[in-house]
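Okay, my_file-v2.pdb now, which holds PDB, C-alpha atoms, pLDDT in the B column:
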ATOM      1  CA  MET A   1       6.428  18.593  -2.837  1.00 50.00           C
ATOM      2  CA  GLN A   2       3.254  16.918  -1.674  1.00 56.00           C
ATOM      3  CA  SER A   3       2.862  13.179  -2.212  1.00 56.00           C
ATOM      4  CA  PRO A   4       0.335  12.467  -4.975  1.00 58.00           C
ATOM      5  CA  LYS A   5      -3.225  11.831  -3.872  1.00 67.00           C
ATOM      6  CA  ILE A   6      -4.553   8.547  -5.220  1.00 71.00           C
ATOM      7  CA  ILE A   7      -8.313   8.212  -5.205  1.00 81.00           C
ATOM      8  CA  PHE A   8      -9.508   5.018  -3.576  1.00 87.00           C
ATOM      9  CA  LEU A   9     -12.984   3.576  -3.401  1.00 89.00           C
ATOM     10  CA  PRO A  10     -14.998   4.086  -0.183  1.00 91.00           C
ATOM     11  CA  TRP A  11     -14.221   1.505   2.516  1.00 91.00           C
ATOM     12  CA  TYR A  12     -17.516  -0.404   2.105  1.00 92.00           C
ATOM     13  CA  PHE A  13     -16.402  -1.549  -1.354  1.00 93.00           C
ATOM     14  CA  LYS A  14     -14.030  -3.839   0.520  1.00 93.00           C
ATOM     15  CA  VAL A  15     -17.027  -5.709   1.954  1.00 94.00           C
ATOM     16  CA  ILE A  16     -18.561  -5.966  -1.534  1.00 95.00           C
ATOM     17  CA  GLY A  17     -15.181  -7.229  -2.807  1.00 95.00           C
ATOM     18  CA  VAL A  18     -15.046  -9.921  -0.118  1.00 95.00           C
ATOM     19  CA  PHE A  19     -18.556 -11.100  -1.098  1.00 94.00           C
ATOM     20  CA  ILE A  20     -17.615 -11.194  -4.790  1.00 94.00           C
ATOM     21  CA  ALA A  21     -14.391 -13.098  -4.018  1.00 93.00           C
ATOM     22  CA  LEU A  22     -16.294 -15.589  -1.849  1.00 92.00           C
ATOM     23  CA  PHE A  23     -18.947 -15.897  -4.583  1.00 90.00           C
ATOM     24  CA  SER A  24     -16.271 -16.725  -7.175  1.00 88.00           C
ATOM     25  CA  LEU A  25     -14.665 -19.194  -4.761  1.00 88.00           C
ATOM     26  CA  THR A  26     -18.053 -20.880  -4.347  1.00 85.00           C
ATOM     27  CA  LEU A  27     -18.455 -20.982  -8.129  1.00 81.00           C
ATOM     28  CA  LEU A  28     -14.997 -22.491  -8.452  1.00 80.00           C
ATOM     29  CA  ILE A  29     -15.780 -25.220  -5.909  1.00 81.00           C
ATOM     30  CA  LEU A  30     -19.099 -25.946  -7.643  1.00 77.00           C
ATOM     31  CA  LYS A  31     -17.379 -26.021 -11.021  1.00 74.00           C
ATOM     32  CA  LEU A  32     -14.654 -28.364  -9.838  1.00 75.00           C
ATOM     33  CA  ASN A  33     -17.245 -30.666  -8.219  1.00 72.00           C
ATOM     34  CA  SER A  34     -19.799 -30.331 -11.006  1.00 66.00           C
ATOM     35  CA  GLY A  35     -21.197 -33.783 -10.325  1.00 59.00           C
ATOM     36  CA  VAL A  36     -22.514 -32.742  -6.928  1.00 54.00           C
ATOM     37  CA  SER A  37     -26.289 -32.874  -6.546  1.00 51.00           C
ATOM     38  CA  ILE A  38     -26.478 -29.461  -4.865  1.00 51.00           C
ATOM     39  CA  LEU A  39     -26.042 -27.940  -8.349  1.00 50.00           C
ATOM     40  CA  ASP A  40     -29.375 -29.361  -9.411  1.00 53.00           C
ATOM     41  CA  PHE A  41     -30.923 -27.866  -6.326  1.00 47.00           C
ATOM     42  CA  ILE A  42     -29.715 -24.312  -6.943  1.00 52.00           C
ATOM     43  CA  LYS A  43     -30.064 -24.662 -10.765  1.00 54.00           C
ATOM     44  CA  PHE A  44     -26.804 -22.904 -11.338  1.00 54.00           C
ATOM     45  CA  ASP A  45     -25.227 -22.765 -14.784  1.00 54.00           C
ATOM     46  CA  THR A  46     -22.244 -25.045 -14.385  1.00 53.00           C
ATOM     47  CA  ASN A  47     -21.138 -24.495 -17.957  1.00 60.00           C
ATOM     48  CA  ILE A  48     -19.587 -21.227 -16.933  1.00 64.00           C
ATOM     49  CA  GLU A  49     -15.966 -21.100 -18.057  1.00 72.00           C
ATOM     50  CA  ILE A  50     -13.326 -21.378 -15.381  1.00 75.00           C
ATOM     51  CA  TYR A  51     -11.679 -18.223 -16.780  1.00 78.00           C
ATOM     52  CA  ALA A  52     -14.919 -16.293 -16.152  1.00 81.00           C
ATOM     53  CA  ILE A  53     -14.816 -17.444 -12.520  1.00 82.00           C
ATOM     54  CA  TYR A  54     -11.232 -16.223 -12.185  1.00 84.00           C
ATOM     55  CA  ALA A  55     -12.258 -12.901 -13.784  1.00 86.00           C
ATOM     56  CA  ILE A  56     -15.035 -12.496 -11.188  1.00 88.00           C
ATOM     57  CA  ALA A  57     -12.445 -13.207  -8.489  1.00 90.00           C
ATOM     58  CA  VAL A  58     -10.183 -10.523  -9.980  1.00 91.00           C
ATOM     59  CA  LEU A  59     -13.043  -8.004  -9.668  1.00 93.00           C
ATOM     60  CA  GLY A  60     -13.461  -8.973  -6.003  1.00 93.00           C
ATOM     61  CA  PHE A  61      -9.725  -8.681  -5.299  1.00 94.00           C
ATOM     62  CA  PHE A  62      -9.626  -5.334  -7.134  1.00 93.00           C
ATOM     63  CA  LEU A  63     -12.370  -3.942  -4.883  1.00 94.00           C
ATOM     64  CA  ILE A  64     -10.607  -5.254  -1.761  1.00 94.00           C
ATOM     65  CA  ALA A  65      -7.226  -3.851  -2.845  1.00 92.00           C
ATOM     66  CA  PHE A  66      -8.412  -0.411  -3.932  1.00 91.00           C
ATOM     67  CA  SER A  67     -10.858   0.394  -1.149  1.00 92.00           C
ATOM     68  CA  LYS A  68      -9.916   2.811   1.578  1.00 90.00           C
ATOM     69  CA  GLU A  69      -9.237   1.730   5.110  1.00 89.00           C
ATOM     70  CA  ARG A  70     -11.649   3.228   7.637  1.00 86.00           C
ATOM     71  CA  LEU A  71      -8.923   5.684   8.581  1.00 87.00           C
ATOM     72  CA  GLU A  72      -6.660   6.228   5.614  1.00 86.00           C
ATOM     73  CA  ASP A  73      -3.540   7.945   6.949  1.00 89.00           C
ATOM     74  CA  GLU A  74       0.096   8.204   5.906  1.00 91.00           C
ATOM     75  CA  LEU A  75       1.106   4.886   7.491  1.00 92.00           C
ATOM     76  CA  VAL A  76      -1.513   3.125   5.344  1.00 91.00           C
ATOM     77  CA  SER A  77      -0.152   4.882   2.220  1.00 90.00           C
ATOM     78  CA  TYR A  78       3.364   3.800   3.168  1.00 92.00           C
ATOM     79  CA  LEU A  79       2.250   0.192   3.716  1.00 93.00           C
ATOM     80  CA  ARG A  80       0.402   0.260   0.381  1.00 92.00           C
ATOM     81  CA  LYS A  81       3.610   1.299  -1.395  1.00 92.00           C
ATOM     82  CA  ILE A  82       5.600  -1.478   0.303  1.00 93.00           C
ATOM     83  CA  SER A  83       2.887  -4.029  -0.507  1.00 94.00           C
ATOM     84  CA  LEU A  84       2.813  -2.930  -4.153  1.00 91.00           C
ATOM     85  CA  LEU A  85       6.582  -3.311  -4.372  1.00 93.00           C
ATOM     86  CA  ILE A  86       6.524  -6.780  -2.785  1.00 95.00           C
ATOM     87  CA  THR A  87       3.659  -7.776  -5.093  1.00 92.00           C
ATOM     88  CA  THR A  88       5.553  -6.666  -8.199  1.00 91.00           C
ATOM     89  CA  ILE A  89       8.759  -8.441  -7.163  1.00 92.00           C
ATOM     90  CA  PHE A  90       7.005 -11.717  -6.307  1.00 92.00           C
ATOM     91  CA  HIS A  91       4.843 -11.537  -9.424  1.00 88.00           C
ATOM     92  CA  SER A  92       7.928 -11.014 -11.582  1.00 88.00           C
ATOM     93  CA  LEU A  93       9.725 -13.923  -9.914  1.00 89.00           C
ATOM     94  CA  PHE A  94       6.753 -16.236 -10.398  1.00 86.00           C
ATOM     95  CA  PHE A  95       6.428 -15.062 -13.983  1.00 83.00           C
ATOM     96  CA  PHE A  96      10.070 -15.689 -14.875  1.00 84.00           C
ATOM     97  CA  VAL A  97      10.217 -19.037 -13.100  1.00 83.00           C
ATOM     98  CA  PHE A  98       6.982 -20.365 -14.593  1.00 78.00           C
ATOM     99  CA  THR A  99       7.549 -18.934 -18.081  1.00 76.00           C
ATOM    100  CA  PHE A 100      11.066 -20.239 -18.464  1.00 75.00           C
ATOM    101  CA  THR A 101      10.303 -23.596 -16.921  1.00 73.00           C
ATOM    102  CA  SER A 102       7.277 -24.008 -19.205  1.00 67.00           C
ATOM    103  CA  LEU A 103       9.286 -23.130 -22.344  1.00 62.00           C
ATOM    104  CA  THR A 104      10.427 -26.712 -22.579  1.00 59.00           C
ATOM    105  CA  ILE A 105       6.901 -28.082 -22.522  1.00 59.00           C
ATOM    106  CA  HIS A 106       5.484 -25.456 -24.929  1.00 59.00           C
ATOM    107  CA  LEU A 107       3.053 -23.969 -22.433  1.00 60.00           C
ATOM    108  CA  ILE A 108       3.945 -20.307 -22.706  1.00 62.00           C
ATOM    109  CA  ASN A 109       1.307 -18.097 -21.137  1.00 68.00           C
ATOM    110  CA  PHE A 110       0.968 -15.246 -23.629  1.00 73.00           C
ATOM    111  CA  PRO A 111      -1.611 -13.202 -21.661  1.00 75.00           C
ATOM    112  CA  ALA A 112       0.785 -13.220 -18.706  1.00 77.00           C
ATOM    113  CA  ILE A 113       3.630 -12.036 -20.946  1.00 81.00           C
ATOM    114  CA  ILE A 114       1.466  -9.180 -22.268  1.00 86.00           C
ATOM    115  CA  LEU A 115       0.383  -8.306 -18.713  1.00 85.00           C
ATOM    116  CA  MET A 116       3.956  -8.193 -17.439  1.00 86.00           C
ATOM    117  CA  ASN A 117       5.100  -6.131 -20.427  1.00 89.00           C
ATOM    118  CA  THR A 118       2.308  -3.570 -20.007  1.00 91.00           C
ATOM    119  CA  LEU A 119       2.875  -3.489 -16.239  1.00 89.00           C
ATOM    120  CA  PHE A 120       6.523  -2.509 -16.558  1.00 91.00           C
ATOM    121  CA  PHE A 121       5.917  -0.315 -19.615  1.00 93.00           C
ATOM    122  CA  ILE A 122       3.280   1.737 -17.761  1.00 94.00           C
ATOM    123  CA  TYR A 123       5.550   1.922 -14.706  1.00 92.00           C
ATOM    124  CA  ILE A 124       8.479   3.250 -16.769  1.00 95.00           C
ATOM    125  CA  ILE A 125       6.296   5.770 -18.634  1.00 96.00           C
ATOM    126  CA  SER A 126       4.554   6.939 -15.451  1.00 93.00           C
ATOM    127  CA  PHE A 127       7.850   7.287 -13.560  1.00 92.00           C
ATOM    128  CA  HIS A 128       9.491   9.345 -16.299  1.00 94.00           C
ATOM    129  CA  ILE A 129       6.442  11.575 -16.815  1.00 94.00           C
ATOM    130  CA  GLN A 130       6.432  12.345 -13.083  1.00 90.00           C
ATOM    131  CA  MET A 131      10.194  13.002 -13.111  1.00 90.00           C
ATOM    132  CA  PHE A 132       9.645  15.395 -16.013  1.00 90.00           C
ATOM    133  CA  LEU A 133       6.762  17.180 -14.250  1.00 89.00           C
ATOM    134  CA  VAL A 134       8.797  17.557 -11.060  1.00 85.00           C
ATOM    135  CA  SER A 135      11.710  19.036 -13.002  1.00 85.00           C
ATOM    136  CA  ILE A 136       9.369  21.564 -14.695  1.00 83.00           C
ATOM    137  CA  LYS A 137       8.027  22.691 -11.319  1.00 67.00           C
ATOM    138  CA  LYS A 138      11.560  23.009  -9.992  1.00 61.00           C
ATOM    139  CA  LYS A 139      12.581  25.206 -12.933  1.00 61.00           C
ATOM    140  CA  ASN A 140       9.569  27.467 -12.365  1.00 60.00           C
ATOM    141  CA  ASN A 141      10.495  27.846  -8.690  1.00 59.00           C
ATOM    142  CA  GLU A 142      14.046  28.768  -9.658  1.00 58.00           C
ATOM    143  CA  ASN A 143      12.686  31.568 -11.837  1.00 57.00           C
ATOM    144  CA  PHE A 144      11.007  33.147  -8.830  1.00 54.00           C
ATOM    145  CA  GLU A 145      14.171  33.108  -6.718  1.00 50.00           C
TER     146      GLU A 145
ATOM    147  CA  MET B 146      16.732   7.982  14.513  1.00 87.00           C
ATOM    148  CA  ARG B 147      14.698   7.840  17.680  1.00 90.00           C
ATOM    149  CA  ASN B 148      12.014   9.978  19.208  1.00 92.00           C
ATOM    150  CA  PHE B 149      10.429  10.981  22.481  1.00 94.00           C
ATOM    151  CA  VAL B 150       6.806  10.658  21.392  1.00 95.00           C
ATOM    152  CA  ARG B 151       6.069   7.919  23.929  1.00 95.00           C
ATOM    153  CA  ASP B 152       7.659   9.893  26.789  1.00 94.00           C
ATOM    154  CA  GLU B 153       5.827  13.078  25.862  1.00 95.00           C
ATOM    155  CA  ARG B 154       2.517  11.262  25.432  1.00 96.00           C
ATOM    156  CA  LYS B 155       2.884   9.674  28.851  1.00 95.00           C
ATOM    157  CA  ARG B 156       3.831  13.049  30.317  1.00 94.00           C
ATOM    158  CA  LYS B 157       0.529  14.391  28.993  1.00 93.00           C
ATOM    159  CA  LYS B 158      -1.235  11.281  30.377  1.00 95.00           C
ATOM    160  CA  LEU B 159      -2.689  10.363  27.018  1.00 95.00           C
ATOM    161  CA  LYS B 160      -3.389   6.938  25.570  1.00 95.00           C
ATOM    162  CA  GLN B 161      -2.211   6.068  22.065  1.00 95.00           C
ATOM    163  CA  GLU B 162      -5.849   6.106  20.900  1.00 95.00           C
ATOM    164  CA  GLU B 163      -6.381   9.587  22.313  1.00 95.00           C
ATOM    165  CA  LEU B 164      -3.264  11.032  20.707  1.00 95.00           C
ATOM    166  CA  ALA B 165      -4.211   9.348  17.427  1.00 95.00           C
ATOM    167  CA  ALA B 166      -7.695  10.878  17.572  1.00 94.00           C
ATOM    168  CA  ILE B 167      -6.263  14.353  18.237  1.00 95.00           C
ATOM    169  CA  LEU B 168      -3.858  14.080  15.303  1.00 94.00           C
ATOM    170  CA  ARG B 169      -6.459  12.335  13.094  1.00 92.00           C
ATOM    171  CA  VAL B 170      -4.246   9.316  12.425  1.00 94.00           C
ATOM    172  CA  SER B 171      -4.669   5.668  13.356  1.00 92.00           C
ATOM    173  CA  ARG B 172      -3.502   4.191  16.663  1.00 93.00           C
ATOM    174  CA  GLN B 173      -1.214   1.918  14.638  1.00 93.00           C
ATOM    175  CA  THR B 174       0.574   4.992  13.253  1.00 94.00           C
ATOM    176  CA  ILE B 175       1.319   6.305  16.760  1.00 95.00           C
ATOM    177  CA  ASN B 176       2.388   2.832  17.864  1.00 94.00           C
ATOM    178  CA  ALA B 177       4.706   2.444  14.851  1.00 94.00           C
ATOM    179  CA  ILE B 178       6.267   5.891  15.411  1.00 95.00           C
ATOM    180  CA  GLU B 179       6.823   5.193  19.114  1.00 94.00           C
ATOM    181  CA  GLY B 180       8.379   1.835  18.315  1.00 92.00           C
ATOM    182  CA  ASN B 181      10.719   3.426  15.718  1.00 91.00           C
ATOM    183  CA  ARG B 182       9.199   1.224  13.037  1.00 91.00           C
ATOM    184  CA  TYR B 183       7.933   4.143  10.990  1.00 93.00           C
ATOM    185  CA  TRP B 184       9.316   7.602  10.387  1.00 93.00           C
ATOM    186  CA  PRO B 185       6.475  10.078  10.067  1.00 94.00           C
ATOM    187  CA  SER B 186       6.201  12.550   7.219  1.00 94.00           C
ATOM    188  CA  LEU B 187       7.480  16.066   7.817  1.00 94.00           C
ATOM    189  CA  THR B 188       3.869  17.248   8.156  1.00 94.00           C
ATOM    190  CA  LEU B 189       3.069  14.743  10.887  1.00 95.00           C
ATOM    191  CA  ALA B 190       6.411  15.355  12.621  1.00 95.00           C
ATOM    192  CA  LEU B 191       5.615  19.075  12.717  1.00 96.00           C
ATOM    193  CA  ARG B 192       2.098  18.423  13.976  1.00 95.00           C
ATOM    194  CA  LEU B 193       3.448  16.146  16.719  1.00 95.00           C
ATOM    195  CA  SER B 194       6.038  18.702  17.789  1.00 95.00           C
ATOM    196  CA  MET B 195       3.421  21.483  17.766  1.00 95.00           C
ATOM    197  CA  PHE B 196       1.114  19.368  19.893  1.00 95.00           C
ATOM    198  CA  PHE B 197       3.856  18.622  22.431  1.00 95.00           C
ATOM    199  CA  ASP B 198       5.040  22.244  22.281  1.00 94.00           C
ATOM    200  CA  MET B 199       8.524  21.267  21.216  1.00 94.00           C
ATOM    201  CA  THR B 200      10.658  21.654  18.130  1.00 94.00           C
ATOM    202  CA  VAL B 201      11.040  18.754  15.710  1.00 94.00           C
ATOM    203  CA  ASN B 202      14.724  18.651  16.660  1.00 91.00           C
ATOM    204  CA  GLU B 203      13.793  18.047  20.284  1.00 92.00           C
ATOM    205  CA  LEU B 204      11.197  15.385  19.528  1.00 94.00           C
ATOM    206  CA  PHE B 205      13.142  13.457  16.872  1.00 93.00           C
ATOM    207  CA  ILE B 206      16.863  12.965  17.288  1.00 91.00           C
ATOM    208  CA  PHE B 207      19.573  11.137  15.391  1.00 89.00           C
ATOM    209  CA  GLU B 208      21.438   8.225  16.952  1.00 86.00           C
ATOM    210  CA  LYS B 209      25.121   8.800  17.694  1.00 84.00           C
ATOM    211  CA  HIS B 210      26.371   6.938  14.620  1.00 86.00           C
ATOM    212  CA  GLU B 211      23.918   8.842  12.408  1.00 84.00           C
ATOM    213  CA  LEU B 212      25.167  12.142  13.815  1.00 82.00           C
ATOM    214  CA  GLU B 213      28.692  11.187  12.812  1.00 84.00           C
ATOM    215  CA  GLU B 214      27.535   9.987   9.403  1.00 85.00           C
ATOM    216  CA  PHE B 215      25.621  13.173   8.599  1.00 82.00           C
ATOM    217  CA  LYS B 216      28.167  15.575  10.063  1.00 79.00           C
ATOM    218  CA  TYR B 217      28.870  18.460   7.651  1.00 79.00           C
TER     219      TYR B 217
END

In C-alpha cells, what does this structure look like?
Amino acid sequence: MQSPKIIFLPWYFKVIGVFIALFSLTLLILKLNSGVSILDFIKFDTNIEIYAIYAIAVLGFFLIAFSKERLEDELVSYLRKISLLITTIFHSLFFFVFTFTSLTIHLINFPAIILMNTLFFIYIISFHIQMFLVSIKKKNNENFE
Amino acid sequence: MRNFVRDERKRKKLKQEELAAILRVSRQTINAIEGNRYWPSLTLALRLSMFFDMTVNELFIFEKHELEEFKY
C-alpha cells in the first residue's frame, strides 16, 4: 500500500506566511501600544479587534505549516507526522489544563471546546474511513488470488 | 537495525549531497539513515540497494538482539 499523497502548497507560500505572521505581530504590538505616536504617522486603524489580529496570524501560520519544503521527501513526511502528533498531544494537554483550571473562575473557552471536539471527531471518522477502505482493497486482492 | 550506507557511499567516493542528488532525496535524509536515526521506506531501501548493487538484506541488517527477537 502506498502512503497517501497530501497536497501541500508550493514552497514560496511559506515566505508569504512569514510576512503575514510578522504583519499580524506588528499589528498586535501596535494594538497593545495604541497610545504610541507612530500610529498617527501610518494612519492605521487601531480599532481592529484583537481576535482579527489573531485570525490573521492563524492564516500566516497555516501557510507556513502547509507549504512544501524545497525538497519534499519521505523524511520530511515522517517529520510532519511526528510534529502533528506532538502538536495534538500538547494542544490537548494545554486544553485540559486550562479548561479545568478555568472552570472555577467561570472562564470556559467554548470555541476551544468546539475546536477540540471537531479535531478528534474528524480524526476518528477519517481513521475509520481509511481502515474501511484498506479492508475493501484487501478483500478485492484476495478475490484475485 | 543498522546499515552499511555510509561504508558503501565512502567506497564509491561520494559525498552525502551527491548521493542525495542521485536518489532525489535531501542530504538530511541520507545523514539520518547513516546515523540510524531514520529507517527508510521500502522504496528508498530498494533504491539504495540497487544503487550500491547489493540486496536490501546486505545493506540493512538486524542487530543481534533483534535477530533473536524476530526468529521464526

Legend entry - Distance filter 10 Å, all atoms listed in the file, chain B against chain A, as a PyMOL selection string: chain B and resi 169-175+177-178+183-186+188-189

To test the calculation: enclose all listed atoms of stretch 172-185 of chain B in a box whose edges run along x, y and z, add 3 Å on each side, then state centre and edge lengths in Å to one decimal, as JSON.
{"center_x": 3.6, "center_y": 5.7, "center_z": 14.6, "size_x": 20.2, "size_y": 14.9, "size_z": 15.0}

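Here atom CA of A:Phe23 is placed at a distance of 28.2 Å from atom CA of A:Ser92.
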
Inset, instruction - Tell me which protein, DNA and RNA residues are within 10 Å of A:Glu49, counting all atoms listed in the file, leaving out same-chain ones fewer than 5 positions away, and put them as number ranges by chain. - result: A: 28, 31, 54-55

Legend entry - the PyMOL selection byres ((chain A and resi 8-15) around 7) applied to the shown file, residues as a list in words: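 The output of the PyMOL selection byres ((chain A and resi 8-15) around 7) on this file is Ile6, Ile7, Ile16, Gly17, Val18, Phe19, Leu63, Ile64, Phe66, Ser67, Lys68, Glu69 and Arg70 of chain A.
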
Legend entry - Separation of atom CA of B:Lys216 from atom CA of B:Met195, in Å and rounded to one decimal: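 Computing the Euclidean distance for atom CA of B:Lys216 and atom CA of B:Met195 yields 26.6 Å.
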
Inset, instruction - Let me know the residues the PyMOL selection byres ((chain A and resi 116-127) around 12) catches in the file above, as a list of chain:residue names. - result: A:Leu84, A:Leu85, A:Thr87, A:Thr88, A:Ile89, A:His91, A:Ser92, A:Leu93, A:Phe94, A:Phe95, A:Phe96, A:Thr99, A:Asn109, A:Phe110, A:Pro111, A:Ala112, A:Ile113, A:Ile114, A:Leu115, A:His128, A:Ile129, A:Gln130, A:Met131, A:Phe132, A:Leu133, A:Val134

Inset, instruction - Kindly give the distance, in Å, that separates atom CA of A:Phe90 and atom CA of A:Leu59, rounded to a single decimal. - result: 20.7 Å

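Minimum atom-to-atom distance to B:Asp198, evaluated using all atoms listed in the file, belongs to B:Glu153 out of B:Glu213, B:Glu179, B:Glu153, B:Glu162.
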
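Nearest residue to A:Thr26, choosing from A:Tyr51, A:Ala57, A:Thr101, A:Ile136 and counting all atoms listed in the file: A:Ala57.
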
For B:Phe207, work out the shell of residues within 9 Å, counting only C-alpha atoms and skipping chain neighbours fewer than 6 positions away, then give it as an mmCIF file with C-alpha atoms, keeping the file's coordinate frame.
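New file selection.cif:
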data_model
loop_
_atom_site.group_PDB
_atom_site.id
_atom_site.type_symbol
_atom_site.label_atom_id
_atom_site.label_comp_id
_atom_site.auth_asym_id
_atom_site.auth_seq_id
_atom_site.Cartn_x
_atom_site.Cartn_y
_atom_site.Cartn_z
ATOM 1 C CA MET B 146 16.732 7.982 14.513
ATOM 2 C CA ARG B 147 14.698 7.840 17.680
ATOM 3 C CA ASN B 148 12.014 9.978 19.208
#
